[in-house]
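Chemist: Structure: run_34.tsv, TSV, C-alpha atoms.
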```
chain	number	residue	atom	x	y	z
A	1	MET	CA	110.70	115.71	145.95
A	2	LYS	CA	113.85	117.56	146.96
A	3	SER	CA	114.94	120.73	145.25
A	4	THR	CA	117.88	118.92	143.67
A	5	ASP	CA	115.77	116.00	142.42
A	6	LEU	CA	114.52	115.76	138.86
A	7	PRO	CA	110.93	114.91	137.94
A	8	ARG	CA	109.99	111.70	136.21
A	9	LYS	CA	110.68	111.79	132.51
A	10	VAL	CA	109.16	109.64	129.80
A	11	VAL	CA	110.10	109.20	126.15
A	12	VAL	CA	107.26	109.51	123.64
A	13	TYR	CA	107.45	107.63	120.35
A	14	GLY	CA	105.04	108.40	117.54
A	15	ALA	CA	105.70	106.58	114.27
A	16	LYS	CA	104.41	107.81	110.95
A	17	TRP	CA	101.06	106.37	109.89
A	18	PRO	CA	101.31	104.77	106.43
A	19	GLY	CA	99.37	106.73	103.85
A	20	ASP	CA	99.36	109.99	105.82
A	21	GLU	CA	101.64	112.81	104.70
A	22	ASP	CA	101.58	114.30	108.20
A	23	HIS	CA	104.30	112.35	110.00
A	24	GLN	CA	103.43	113.98	113.35
A	25	ARG	CA	99.86	112.72	113.57
A	26	ALA	CA	100.62	110.41	116.49
A	27	VAL	CA	102.58	113.16	118.26
A	28	LYS	CA	99.66	115.55	117.87
A	29	PHE	CA	97.38	112.96	119.45
A	30	PHE	CA	99.70	112.77	122.44
A	31	LYS	CA	99.96	116.54	122.81
A	32	LYS	CA	96.21	117.03	122.65
A	33	TYR	CA	94.90	114.19	124.81
A	34	VAL	CA	97.77	112.88	126.99
A	35	LYS	CA	100.14	115.78	127.55
A	36	PRO	CA	97.78	117.99	129.66
A	37	VAL	CA	97.50	115.30	132.35
A	38	LEU	CA	101.26	114.76	132.44
A	39	VAL	CA	101.88	118.48	132.76
A	40	ALA	CA	99.44	118.67	135.67
A	41	ALA	CA	101.25	115.76	137.34
A	42	ALA	CA	104.70	117.39	136.85
A	43	ILE	CA	105.95	114.60	134.60
A	44	ASP	CA	108.50	115.63	132.02
A	45	TYR	CA	108.53	114.13	128.54
A	46	ASP	CA	110.78	113.94	125.50
A	47	ILE	CA	109.06	113.53	122.12
A	48	VAL	CA	110.81	111.51	119.42
A	49	ALA	CA	109.01	111.98	116.12
A	50	THR	CA	110.06	110.21	112.94
A	51	ARG	CA	109.57	111.49	109.40
A	52	HIS	CA	109.30	108.17	107.54
A	53	SER	CA	107.90	104.75	108.24
A	54	GLY	CA	110.55	102.43	109.61
A	55	ASP	CA	112.71	105.20	111.08
A	56	LEU	CA	111.65	104.32	114.63
A	57	ALA	CA	112.72	100.69	114.25
A	58	GLU	CA	116.11	101.79	112.91
A	59	ARG	CA	116.52	104.30	115.75
A	60	VAL	CA	115.68	101.81	118.50
A	61	ALA	CA	117.93	99.10	117.03
A	62	SER	CA	120.84	101.52	116.65
A	63	THR	CA	120.43	102.77	120.23
A	64	VAL	CA	120.43	99.24	121.63
A	65	ILE	CA	123.54	98.26	119.66
A	66	LYS	CA	125.41	101.37	120.82
A	67	ASP	CA	124.51	100.59	124.44
A	68	ARG	CA	125.73	97.02	124.03
A	69	ARG	CA	129.02	98.23	122.56
A	70	LEU	CA	129.56	100.58	125.49
A	71	VAL	CA	128.82	97.86	128.04
A	72	LEU	CA	131.21	95.38	126.40
A	73	GLY	CA	133.96	97.97	126.08
A	74	VAL	CA	134.07	98.03	122.28
A	75	ASP	CA	133.39	101.77	122.32
A	76	GLN	CA	133.95	104.40	124.93
A	77	SER	CA	132.12	107.68	125.19
A	78	ILE	CA	134.37	110.71	125.16
A	79	PRO	CA	134.50	112.09	128.73
A	80	LEU	CA	133.75	115.74	129.33
A	81	PRO	CA	136.70	117.93	130.33
A	82	LEU	CA	134.88	119.16	133.43
A	83	ARG	CA	132.19	117.35	135.37
A	84	LEU	CA	129.64	119.53	137.11
A	85	PRO	CA	128.57	118.66	140.67
A	86	ASN	CA	124.94	118.16	139.70
A	87	GLN	CA	125.77	116.18	136.56
A	88	ALA	CA	124.32	112.68	136.63
A	89	THR	CA	126.49	109.63	136.15
A	90	PRO	CA	125.64	107.01	133.48
A	91	GLU	CA	124.23	104.77	136.22
A	92	GLN	CA	121.98	107.57	137.47
A	93	LYS	CA	120.81	108.34	133.93
A	94	ARG	CA	119.94	104.68	133.40
A	95	ALA	CA	118.06	104.56	136.71
A	96	ARG	CA	116.05	107.62	135.72
A	97	GLU	CA	115.15	106.00	132.39
A	98	LEU	CA	113.85	102.93	134.21
A	99	GLU	CA	111.86	105.11	136.63
A	100	GLY	CA	110.30	107.01	133.74
A	101	GLY	CA	108.84	105.01	130.88
A	102	ILE	CA	108.19	104.88	127.16
A	103	VAL	CA	104.93	106.06	125.56
A	104	LEU	CA	103.93	104.27	122.34
A	105	VAL	CA	101.09	105.94	120.44
A	106	GLY	CA	99.24	103.45	118.27
A	107	ARG	CA	99.72	99.83	117.29
A	108	HIS	CA	101.97	100.76	114.37
A	109	THR	CA	104.35	102.46	116.81
A	110	LEU	CA	104.36	99.36	119.01
A	111	LYS	CA	105.25	97.23	115.99
A	112	GLU	CA	108.19	99.42	115.00
A	113	TYR	CA	109.46	99.67	118.59
A	114	MET	CA	109.35	95.91	119.16
A	115	ALA	CA	110.96	95.25	115.76
A	116	GLY	CA	113.83	97.58	116.62
A	117	LEU	CA	114.18	96.11	120.09
A	118	LYS	CA	114.38	92.58	118.71
A	119	ARG	CA	116.83	93.59	116.01
A	120	GLY	CA	119.07	95.39	118.48
A	121	TRP	CA	119.20	92.57	121.04
A	122	GLY	CA	119.14	89.73	118.52
A	123	GLY	CA	121.90	90.80	116.14
A	124	GLY	CA	125.60	91.49	116.24
A	125	LEU	CA	127.49	94.59	117.33
A	126	ASP	CA	128.20	95.99	113.88
A	127	LEU	CA	126.77	99.44	113.18
A	128	THR	CA	125.77	99.34	109.53
A	129	ASP	CA	125.14	102.53	107.60
A	130	ARG	CA	122.12	101.99	105.36
A	131	GLU	CA	123.09	104.80	103.00
A	132	GLU	CA	126.67	103.61	102.56
A	133	LYS	CA	125.62	100.00	102.05
A	134	LEU	CA	122.99	100.93	99.48
A	135	ALA	CA	125.38	103.29	97.68
A	136	GLN	CA	127.84	100.44	97.18
A	137	GLU	CA	125.08	98.18	95.93
A	138	LEU	CA	123.73	100.74	93.46
A	139	ALA	CA	127.22	101.62	92.21
A	140	SER	CA	127.82	98.04	91.12
A	141	ASP	CA	124.45	97.18	89.55
A	142	GLY	CA	125.37	98.58	86.11
A	143	THR	CA	122.59	101.16	85.81
A	144	PHE	CA	125.03	103.97	85.03
A	145	ASP	CA	127.38	101.88	82.86
A	146	GLU	CA	128.04	102.90	79.26
A	147	THR	CA	125.96	100.89	76.79
A	148	ASP	CA	128.02	101.83	73.71
A	149	GLU	CA	131.75	102.13	74.27
A	150	SER	CA	132.76	102.14	70.60
A	151	ASN	CA	132.16	105.87	70.19
A	152	SER	CA	133.73	106.85	73.48
A	153	SER	CA	137.05	108.66	73.36
A	154	PRO	CA	140.03	107.74	75.51
A	155	VAL	CA	140.22	109.22	78.91
A	156	GLY	CA	141.21	112.92	78.87
A	157	ILE	CA	140.82	113.29	75.06
A	158	MET	CA	137.94	115.28	73.59
A	159	ASP	CA	136.89	116.39	70.12
A	160	ASP	CA	137.69	119.98	71.01
A	161	LEU	CA	141.42	120.22	71.67
A	162	ASN	CA	141.02	123.56	73.46
A	163	ALA	CA	138.41	122.18	75.85
A	164	GLU	CA	139.35	121.12	79.31
A	165	PRO	CA	139.12	117.34	79.94
A	166	ILE	CA	136.26	116.39	82.21
A	167	PRO	CA	137.00	113.18	84.15
A	168	THR	CA	133.39	112.14	84.68
A	169	PRO	CA	132.76	108.61	85.97
A	170	SER	CA	131.44	107.58	82.56
A	171	ARG	CA	134.75	108.56	80.88
A	172	LEU	CA	137.03	106.84	83.35
A	173	PRO	CA	138.08	103.20	82.88
A	174	PRO	CA	136.28	100.55	84.90
A	175	SER	CA	137.50	100.19	88.43
A	176	HIS	CA	136.75	97.95	91.36
A	177	ASN	CA	136.26	101.03	93.55
A	178	ALA	CA	132.98	102.02	91.99
A	179	ASN	CA	131.80	103.52	95.22
A	180	LEU	CA	134.30	106.37	94.78
A	181	PHE	CA	131.74	108.18	92.68
A	182	SER	CA	128.88	107.73	95.12
A	183	PRO	CA	127.64	110.86	96.95
A	184	LEU	CA	129.96	112.14	99.63
A	185	LYS	CA	129.06	111.08	103.17
A	186	LEU	CA	130.37	112.12	106.53
A	187	PRO	CA	131.99	109.37	108.61
A	188	SER	CA	129.74	107.75	111.15
A	189	PRO	CA	130.19	108.70	114.81
A	190	SER	CA	131.35	105.16	115.60
A	191	GLU	CA	134.48	105.74	113.54
A	192	HIS	CA	135.64	108.43	115.99
A	193	GLN	CA	134.98	106.48	119.14
A	194	ILE	CA	137.93	105.19	121.08
A	195	PRO	CA	138.07	101.38	121.49
A	196	THR	CA	139.07	100.35	124.97
A	197	ALA	CA	139.63	96.66	124.33
A	198	SER	CA	143.11	95.68	123.25
A	199	ASN	CA	141.67	93.52	120.51
A	200	PRO	CA	137.99	94.23	119.76
A	201	SER	CA	137.81	91.21	117.46
A	202	LEU	CA	138.17	88.95	120.49
A	203	ILE	CA	135.00	90.35	122.06
A	204	ASP	CA	132.03	88.03	121.75
A	205	SER	CA	129.43	89.74	119.57
A	206	THR	CA	126.79	87.05	119.91
A	207	PRO	CA	123.43	88.18	121.29
A	208	PRO	CA	123.23	88.03	125.10
A	209	ALA	CA	121.29	85.23	126.75
A	210	THR	CA	119.26	87.69	128.82
A	211	VAL	CA	118.02	91.22	128.29
A	212	PRO	CA	118.56	93.83	131.02
A	213	PRO	CA	115.55	95.61	132.57
A	214	GLN	CA	113.72	97.93	130.22
A	215	PRO	CA	111.60	101.02	130.93
A	216	PRO	CA	107.88	100.26	131.30
A	217	LEU	CA	105.66	100.84	128.28
A	218	LEU	CA	102.50	102.92	128.06
A	219	LEU	CA	100.33	101.70	125.19
A	220	VAL	CA	98.08	104.49	123.92
A	221	PRO	CA	95.36	103.39	121.45
A	222	SER	CA	95.24	105.61	118.39
A	223	VAL	CA	93.64	105.21	114.97
A	224	ASN	CA	94.22	107.56	112.05
A	225	TYR	CA	91.53	107.68	109.37
A	226	VAL	CA	92.95	108.61	105.97
A	227	GLY	CA	91.11	108.45	102.65
A	228	LEU	CA	87.67	109.04	101.19
A	229	ARG	CA	86.28	105.73	102.40
A	230	PHE	CA	86.75	106.78	106.03
A	231	ILE	CA	85.08	110.19	105.76
A	232	PRO	CA	82.04	108.99	107.77
A	233	HIS	CA	84.42	107.92	110.56
A	234	MET	CA	86.10	111.33	110.43
A	235	ILE	CA	82.77	113.12	110.73
A	236	TRP	CA	81.70	110.94	113.63
A	237	GLY	CA	85.04	111.47	115.37
A	238	PHE	CA	84.80	115.23	114.93
A	239	PHE	CA	81.58	115.32	116.95
A	240	ASN	CA	82.73	112.72	119.49
A	241	GLU	CA	86.03	114.03	120.78
A	242	ARG	CA	85.12	112.81	124.25
A	243	HIS	CA	86.11	109.27	123.32
A	244	LYS	CA	89.64	110.33	122.38
A	245	THR	CA	89.81	112.46	125.52
A	246	GLN	CA	88.83	109.48	127.64
A	247	ILE	CA	91.46	107.28	125.97
A	248	GLY	CA	94.20	109.86	126.48
A	249	CYS	CA	93.26	110.63	130.09
A	250	GLU	CA	93.05	106.97	131.08
A	251	ALA	CA	96.44	106.28	129.53
A	252	ALA	CA	97.99	109.30	131.27
A	253	TYR	CA	96.36	108.25	134.54
A	254	SER	CA	98.07	104.86	134.31
A	255	LEU	CA	101.39	106.59	133.84
A	256	VAL	CA	100.86	109.01	136.72
A	257	MET	CA	99.86	106.26	139.15
A	258	ASN	CA	103.00	104.33	138.14
A	259	LYS	CA	101.32	100.94	138.50
A	260	THR	CA	102.92	98.37	136.22
A	261	ARG	CA	102.44	94.73	135.38
A	262	GLU	CA	104.36	92.22	133.32
A	263	PHE	CA	104.06	92.49	129.57
A	264	GLN	CA	101.98	89.55	128.41
A	265	GLY	CA	103.73	87.80	125.57
A	266	PRO	CA	102.20	85.48	123.00
A	267	ASN	CA	100.42	82.35	124.10
A	268	SER	CA	98.77	79.41	122.41
A	269	ILE	CA	95.42	79.98	124.12
A	270	LEU	CA	93.46	82.65	122.29
A	271	ASP	CA	90.71	84.65	123.88
A	272	PRO	CA	87.39	83.27	122.61
A	273	ASN	CA	85.80	86.70	123.02
A	274	HIS	CA	88.31	88.29	120.67
A	275	ASP	CA	86.69	89.98	117.69
A	276	PHE	CA	87.17	87.73	114.69
A	277	GLN	CA	87.76	89.15	111.25
A	278	PRO	CA	88.01	87.20	107.99
A	279	THR	CA	91.46	86.62	106.59
A	280	GLU	CA	92.73	88.49	103.58
A	281	GLY	CA	90.70	87.79	100.50
A	282	GLN	CA	87.55	86.83	102.43
A	283	GLU	CA	84.54	89.11	102.57
A	284	SER	CA	82.19	90.02	105.36
A	285	SER	CA	78.64	91.18	104.77
A	286	SER	CA	77.39	94.32	106.48
A	287	ASP	CA	73.81	94.99	107.50
A	288	ASP	CA	72.97	96.79	104.25
A	289	GLY	CA	74.20	93.89	102.12
A	290	THR	CA	77.37	95.55	100.90
A	291	GLN	CA	80.56	93.55	100.72
A	292	SER	CA	83.81	94.80	102.20
A	293	LYS	CA	87.16	93.10	102.23
A	294	ILE	CA	88.75	92.96	105.66
A	295	THR	CA	92.33	92.03	106.42
A	296	GLN	CA	93.03	90.36	109.71
A	297	SER	CA	96.28	90.33	111.57
A	298	ARG	CA	97.61	87.10	112.96
A	299	LEU	CA	96.36	86.59	116.50
A	300	GLN	CA	99.27	86.30	118.92
A	301	GLY	CA	97.64	86.73	122.31
A	302	GLY	CA	98.52	88.88	125.28
A	303	ASP	CA	99.57	92.48	124.84
A	304	LEU	CA	100.75	91.75	121.29
A	305	ASP	CA	97.12	92.04	120.19
A	306	PHE	CA	96.97	95.64	121.39
A	307	GLY	CA	95.03	97.83	118.95
A	308	LEU	CA	94.32	94.94	116.61
A	309	SER	CA	91.16	96.57	115.25
A	310	SER	CA	93.23	99.42	113.75
A	311	GLU	CA	94.66	97.02	111.15
A	312	PHE	CA	91.38	97.23	109.25
A	313	VAL	CA	91.96	100.98	108.84
A	314	LEU	CA	95.60	100.46	107.90
A	315	ALA	CA	95.01	97.81	105.24
A	316	PRO	CA	94.09	100.12	102.29
A	317	HIS	CA	97.31	102.16	102.63
A	318	SER	CA	99.80	99.62	101.33
A	319	PRO	CA	102.63	101.48	99.54
A	320	VAL	CA	103.87	98.44	97.62
A	321	SER	CA	101.88	99.04	94.42
A	322	ASN	CA	102.59	102.78	94.38
A	323	ILE	CA	106.31	102.20	94.91
A	324	ALA	CA	106.41	99.69	92.05
A	325	SER	CA	104.68	102.21	89.78
A	326	PHE	CA	106.98	105.07	90.79
A	327	ARG	CA	110.07	102.91	90.39
A	328	LYS	CA	109.02	101.74	86.93
A	329	SER	CA	108.29	105.29	85.78
A	330	TYR	CA	111.57	106.61	87.19
A	331	TYR	CA	113.80	103.98	85.59
A	332	LYS	CA	111.96	104.40	82.28
A	333	THR	CA	113.04	108.05	82.00
A	334	LEU	CA	116.46	107.67	83.66
A	335	PRO	CA	118.42	106.57	80.51
A	336	GLU	CA	117.28	109.62	78.57
A	337	ARG	CA	118.14	111.99	81.42
A	338	LEU	CA	121.51	110.29	81.86
A	339	ALA	CA	122.28	110.58	78.15
A	340	THR	CA	121.45	114.29	78.24
A	341	ALA	CA	123.69	114.85	81.25
A	342	ARG	CA	126.62	113.08	79.58
A	343	GLN	CA	126.17	114.91	76.27
A	344	LEU	CA	126.24	118.28	77.98
A	345	ALA	CA	129.16	117.29	80.22
A	346	ARG	CA	131.21	116.14	77.20
A	347	ARG	CA	130.08	119.16	75.18
A	348	GLU	CA	128.84	116.93	72.40
A	349	ARG	CA	126.02	119.40	71.74
A	350	GLU	CA	124.91	122.83	72.80
A	351	PRO	CA	122.18	123.14	75.42
A	352	THR	CA	118.74	124.14	74.22
A	353	LYS	CA	116.98	127.29	75.36
A	354	GLU	CA	114.90	125.27	77.79
A	355	GLU	CA	118.01	123.64	79.20
A	356	GLU	CA	119.64	127.05	79.58
A	357	ARG	CA	116.67	128.31	81.59
A	358	THR	CA	116.46	125.17	83.71
A	359	PRO	CA	119.73	123.22	83.53
A	360	PRO	CA	119.19	119.43	83.67
A	361	PRO	CA	120.80	117.49	86.51
A	362	SER	CA	124.34	116.27	86.06
A	363	GLU	CA	125.37	112.63	86.32
A	364	VAL	CA	126.51	113.11	89.90
A	365	GLU	CA	123.15	114.66	90.79
A	366	LEU	CA	121.34	111.79	89.10
A	367	ARG	CA	123.30	109.29	91.17
A	368	ALA	CA	122.45	111.16	94.36
A	369	GLU	CA	118.80	111.40	93.31
A	370	ARG	CA	118.62	107.68	92.66
A	371	LEU	CA	120.23	106.90	96.00
A	372	ASN	CA	117.70	109.07	97.86
A	373	LYS	CA	114.75	107.55	96.02
A	374	GLU	CA	115.90	103.98	96.60
A	375	LEU	CA	116.50	104.73	100.28
A	376	ARG	CA	112.97	106.03	100.58
A	377	TRP	CA	111.35	103.23	98.59
A	378	ARG	CA	113.22	100.38	100.24
A	379	GLY	CA	112.65	101.91	103.65
A	380	GLU	CA	108.89	102.08	103.07
A	381	GLU	CA	108.81	98.52	101.75
A	382	ALA	CA	110.70	97.24	104.79
A	383	ALA	CA	108.49	99.30	107.11
A	384	TRP	CA	105.32	97.89	105.57
A	385	LYS	CA	106.57	94.37	106.31
A	386	ILE	CA	106.73	95.47	109.96
A	387	VAL	CA	103.51	97.46	110.38
A	388	GLY	CA	101.36	95.95	107.62
A	389	PRO	CA	98.29	93.87	108.50
A	390	GLY	CA	99.10	90.23	109.11
A	391	SER	CA	102.71	90.86	110.09
A	392	GLY	CA	102.16	90.66	113.83
A	393	VAL	CA	104.31	92.22	116.53
A	394	SER	CA	107.95	91.11	116.76
A	395	TRP	CA	108.69	89.05	119.84
A	396	ASP	CA	111.68	87.43	121.52
A	397	GLU	CA	111.30	85.03	124.42
A	398	ARG	CA	114.04	86.90	126.24
A	399	PHE	CA	111.57	89.78	126.60
A	400	ARG	CA	109.28	87.67	128.77
A	401	GLY	CA	109.52	88.85	132.35
A	402	VAL	CA	111.65	91.88	131.34
A	403	LEU	CA	109.13	94.15	129.64
A	404	ARG	CA	106.45	95.80	131.73
A	405	VAL	CA	103.45	97.97	130.91
A	406	PHE	CA	101.58	100.62	132.85
A	407	ASP	CA	98.22	99.41	134.16
A	408	ASP	CA	95.80	101.46	136.27
A	409	GLN	CA	93.89	98.45	137.62
A	410	GLY	CA	95.99	98.54	140.78
A	411	ALA	CA	95.25	102.19	141.54
A	412	ASP	CA	92.70	102.81	144.27
A	413	ALA	CA	91.48	105.58	146.53
A	414	GLU	CA	94.51	105.28	148.78
A	415	ASP	CA	96.83	105.92	145.83
A	416	LEU	CA	94.85	109.02	144.96
A	417	GLY	CA	95.05	110.30	148.55
A	418	MET	CA	91.26	110.35	148.96
A	419	ASN	CA	91.14	108.38	152.21
A	420	GLU	CA	91.01	110.45	155.35
```
Would you encode the structure as structure tokens?

Modeler:
Amino acid sequence: MKSTDLPRKVVVYGAKWPGDEDHQRAVKFFKKYVKPVLVAAAIDYDIVATRHSGDLAERVASTVIKDRRLVLGVDQSIPLPLRLPNQATPEQKRARELEGGIVLVGRHTLKEYMAGLKRGWGGGLDLTDREEKLAQELASDGTFDETDESNSSPVGIMDDLNAEPIPTPSRLPPSHNANLFSPLKLPSPSEHQIPTASNPSLIDSTPPATVPPQPPLLLVPSVNYVGLRFIPHMIWGFFNERHKTQIGCEAAYSLVMNKTREFQGPNSILDPNHDFQPTEGQESSSDDGTQSKITQSRLQGGDLDFGLSSEFVLAPHSPVSNIASFRKSYYKTLPERLATARQLARREREPTKEEERTPPPSEVELRAERLNKELRWRGEEAAWKIVGPGSGVSWDERFRGVLRVFDDQGADAEDLGMNE
């Protein structure tokens, strides 16, 4: 490698494991078992960790859509005022990405990555802001509407003539622009980009017939045991770190050798030696006679069945029931909190001593709180549909022949430089 050349660089994705509060569990697995080999081989890496389930799918889809917009000329990146001699061009950056690779830690990360890839290449070119879209939906659902308007005073008139009018949303007349009172948001970066096409509406936004070459994938098996029922597995894993070390070193070895093969998509012929598990609701008997419910993912074949056994560990961590309980409890207490906020804002009563010590949230703060909670809840529900057992890995036939994975089966003694 020349002194001006850059080393290979890979991007590491580690999605959050459902049910685990530590969102960097997959990243920690990479740093402990895969990273040392890459460092010894002088391979650079860029870790992309996500805080919530489903964030990786949104990130990948957004990146793909932005790249498509740049290629079609809908958007144009702002050029730098001065280009350095050693600064890489966009073509050189893309070539380096293809020479590097993408590391996916765990089956749940593979599911989110493939879901984002399919969404980005299978949809239109519109960049939708989840927060803005949800804010408009929540502002028009009537949750914060006045239930009794007979006792409400006209706008700007209060019982106390010396008091200053407070134009809160609840005191203003109904308006079609209900989203004016949603939490303030900064404009998206796409709004500041310069369109190069004379008429962007004439650009065809239909999904392309083919997908350009993608960086090769490194699939790293990883299972995260969370909960009391998996304590025996945790104890066994604590005294058998060598198995995780072997998995990480073999995966890193495949990346270092840079031997790739075509990503095997789904097929109708299933492997007869594949471990069979009963479908959801069925029971399997263990040796000691105990019954345990096992959830099986849909068999797809090829590399889409990577890490299929981890779905048994993931099954007990469904957030659907917890989210339904939290949502019911939250909306049960929201009317009372909203009434308190409006009474204090209109000065209909004096605050209590407890309210003076800890002031209750205002109506604006309650709206922002509701928006954040709904973003989190709906994001987790959508993410569970992606990574949950039985969902399978997203697939598009345009990916066949385009995606590649690292495989060390082609590495031999000559590749290692052991032949004299």

Chemist: Can you work out the spacing between atom CA of Ala382 of chain A and atom CA of Lys66 of chain A in Å, to one decimal?

Modeler: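 A separation of 22.1 Å between them.
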
Chemist: Excluding Tyr113 of chain A and residues on its chain fewer than 6 positions from it, collect all residues at most 12 Å away from it, counting only C-alpha atoms, and give them as a PyMOL selection string.

Modeler: chain A and resi 12-15+48+50+53-64+102-107+119-120+217+219+383+386-387+393-395

Chemist: Store the residues picked out above, limited to C-alpha atoms, as a PDB file, in the coordinates of the input.

Modeler:
```pdb
ATOM      1  CA  VAL A  12     107.260 109.510 123.640  1.00  0.00           C
ATOM      2  CA  TYR A  13     107.450 107.630 120.350  1.00  0.00           C
ATOM      3  CA  GLY A  14     105.040 108.400 117.540  1.00  0.00           C
ATOM      4  CA  ALA A  15     105.700 106.580 114.270  1.00  0.00           C
ATOM      5  CA  VAL A  48     110.810 111.510 119.420  1.00  0.00           C
ATOM      6  CA  THR A  50     110.060 110.210 112.940  1.00  0.00           C
ATOM      7  CA  SER A  53     107.900 104.750 108.240  1.00  0.00           C
ATOM      8  CA  GLY A  54     110.550 102.430 109.610  1.00  0.00           C
ATOM      9  CA  ASP A  55     112.710 105.200 111.080  1.00  0.00           C
ATOM     10  CA  LEU A  56     111.650 104.320 114.630  1.00  0.00           C
ATOM     11  CA  ALA A  57     112.720 100.690 114.250  1.00  0.00           C
ATOM     12  CA  GLU A  58     116.110 101.790 112.910  1.00  0.00           C
ATOM     13  CA  ARG A  59     116.520 104.300 115.750  1.00  0.00           C
ATOM     14  CA  VAL A  60     115.680 101.810 118.500  1.00  0.00           C
ATOM     15  CA  ALA A  61     117.930  99.100 117.030  1.00  0.00           C
ATOM     16  CA  SER A  62     120.840 101.520 116.650  1.00  0.00           C
ATOM     17  CA  THR A  63     120.430 102.770 120.230  1.00  0.00           C
ATOM     18  CA  VAL A  64     120.430  99.240 121.630  1.00  0.00           C
ATOM     19  CA  ILE A 102     108.190 104.880 127.160  1.00  0.00           C
ATOM     20  CA  VAL A 103     104.930 106.060 125.560  1.00  0.00           C
ATOM     21  CA  LEU A 104     103.930 104.270 122.340  1.00  0.00           C
ATOM     22  CA  VAL A 105     101.090 105.940 120.440  1.00  0.00           C
ATOM     23  CA  GLY A 106      99.240 103.450 118.270  1.00  0.00           C
ATOM     24  CA  ARG A 107      99.720  99.830 117.290  1.00  0.00           C
ATOM     25  CA  ARG A 119     116.830  93.590 116.010  1.00  0.00           C
ATOM     26  CA  GLY A 120     119.070  95.390 118.480  1.00  0.00           C
ATOM     27  CA  LEU A 217     105.660 100.840 128.280  1.00  0.00           C
ATOM     28  CA  LEU A 219     100.330 101.700 125.190  1.00  0.00           C
ATOM     29  CA  ALA A 383     108.490  99.300 107.110  1.00  0.00           C
ATOM     30  CA  ILE A 386     106.730  95.470 109.960  1.00  0.00           C
ATOM     31  CA  VAL A 387     103.510  97.460 110.380  1.00  0.00           C
ATOM     32  CA  VAL A 393     104.310  92.220 116.530  1.00  0.00           C
ATOM     33  CA  SER A 394     107.950  91.110 116.760  1.00  0.00           C
ATOM     34  CA  TRP A 395     108.690  89.050 119.840  1.00  0.00           C
TER      35      TRP A 395
END
```

Chemist: Just give me the residues with any atom within 6 Å of (115.7, 93.0, 123.9), file coordinates, counting only C-alpha atoms, written as a list in words.

Modeler: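 Residues lying no farther than 6 Å from the given point: Leu117, Lys118, Trp121, Val211 and Phe399 of chain A.
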
Chemist: Do you have the atom CA of Leu344 of chain A-atom CA of Leu134 of chain A distance handy?

Modeler: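 Computed distance, atom CA of Leu344 of chain A to atom CA of Leu134 of chain A, equals 27.8 Å.
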
Chemist: Quick one: everything within 12 Å of Thr143 of chain A, counting only C-alpha atoms, minus sequence neighbours fewer than 4 positions away in the same chain. Send it as a PyMOL selection string.

Modeler: chain A and resi 137-139+147+170+331-332+334-335+338+363+366-367+370-371

Chemist: Set the distance at 9 Å and use all atoms listed in the file: which residues neighbour Ile323 of chain A once local chain neighbours fewer than 6 positions away are removed? I'd like the list as a list in words.

Modeler: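 Result of the neighbour search: Trp377, Arg378, Glu380 and Glu381 of chain A.
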
Chemist: Could you write those residues out with C-alpha atoms, as a PDB file, in the coordinates of the input?

Modeler:
```
ATOM      1  CA  TRP A 377     111.350 103.230  98.590  1.00  0.00           C
ATOM      2  CA  ARG A 378     113.220 100.380 100.240  1.00  0.00           C
ATOM      3  CA  GLU A 380     108.890 102.080 103.070  1.00  0.00           C
ATOM      4  CA  GLU A 381     108.810  98.520 101.750  1.00  0.00           C
TER       5      GLU A 381
END
```

Chemist: For atom CA of Ile235 of chain A and atom CA of Val223 of chain A, quote the distance in Å rounded to one decimal.

Modeler: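 Atom-to-atom, atom CA of Ile235 of chain A and atom CA of Val223 of chain A are spaced 14.1 Å apart.
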
Chemist: Residues within 8 Å of segment 31-34 of chain A, please, as a PyMOL selection string. Count only C-alpha atoms; anything in the same chain fewer than 5 positions from it doesn't count.

Modeler: chain A and resi 244-245+247-249+251-252

Chemist: Counting all atoms listed in the file, I want the residues whose atoms come within 12 Å of (122.7, 100.0, 102.8) in the file frame, returned as a CSV table (one decimal) with C-alpha atoms, keeping the file's coordinate frame.

Modeler:
```csv
chain,number,residue,atom,x,y,z
A,127,LEU,CA,126.8,99.4,113.2
A,128,THR,CA,125.8,99.3,109.5
A,129,ASP,CA,125.1,102.5,107.6
A,130,ARG,CA,122.1,102.0,105.4
A,131,GLU,CA,123.1,104.8,103.0
A,132,GLU,CA,126.7,103.6,102.6
A,133,LYS,CA,125.6,100.0,102.0
A,134,LEU,CA,123.0,100.9,99.5
A,135,ALA,CA,125.4,103.3,97.7
A,136,GLN,CA,127.8,100.4,97.2
A,137,GLU,CA,125.1,98.2,95.9
A,138,LEU,CA,123.7,100.7,93.5
A,139,ALA,CA,127.2,101.6,92.2
A,371,LEU,CA,120.2,106.9,96.0
A,372,ASN,CA,117.7,109.1,97.9
A,374,GLU,CA,115.9,104.0,96.6
A,375,LEU,CA,116.5,104.7,100.3
A,376,ARG,CA,113.0,106.0,100.6
A,378,ARG,CA,113.2,100.4,100.2
A,379,GLY,CA,112.6,101.9,103.6
```

Chemist: Which residue gives the smallest distance to Asp126 of chain A among A:Arg83, A:Arg404, A:Lys111, A:Arg68, with only C-alpha atoms counted?

Modeler: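 Nearest to Asp126 of chain A: A:Arg68.
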
Chemist: Which residue gives the smallest distance to Arg261 of chain A among A:Leu403, A:Asp67, A:Asp46, A:Glu241, with all atoms listed in the file counted?

Modeler: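 Of A:Leu403, A:Asp67, A:Asp46, A:Glu241, the one nearest Arg261 of chain A is A:Leu403, counting all atoms listed in the file.
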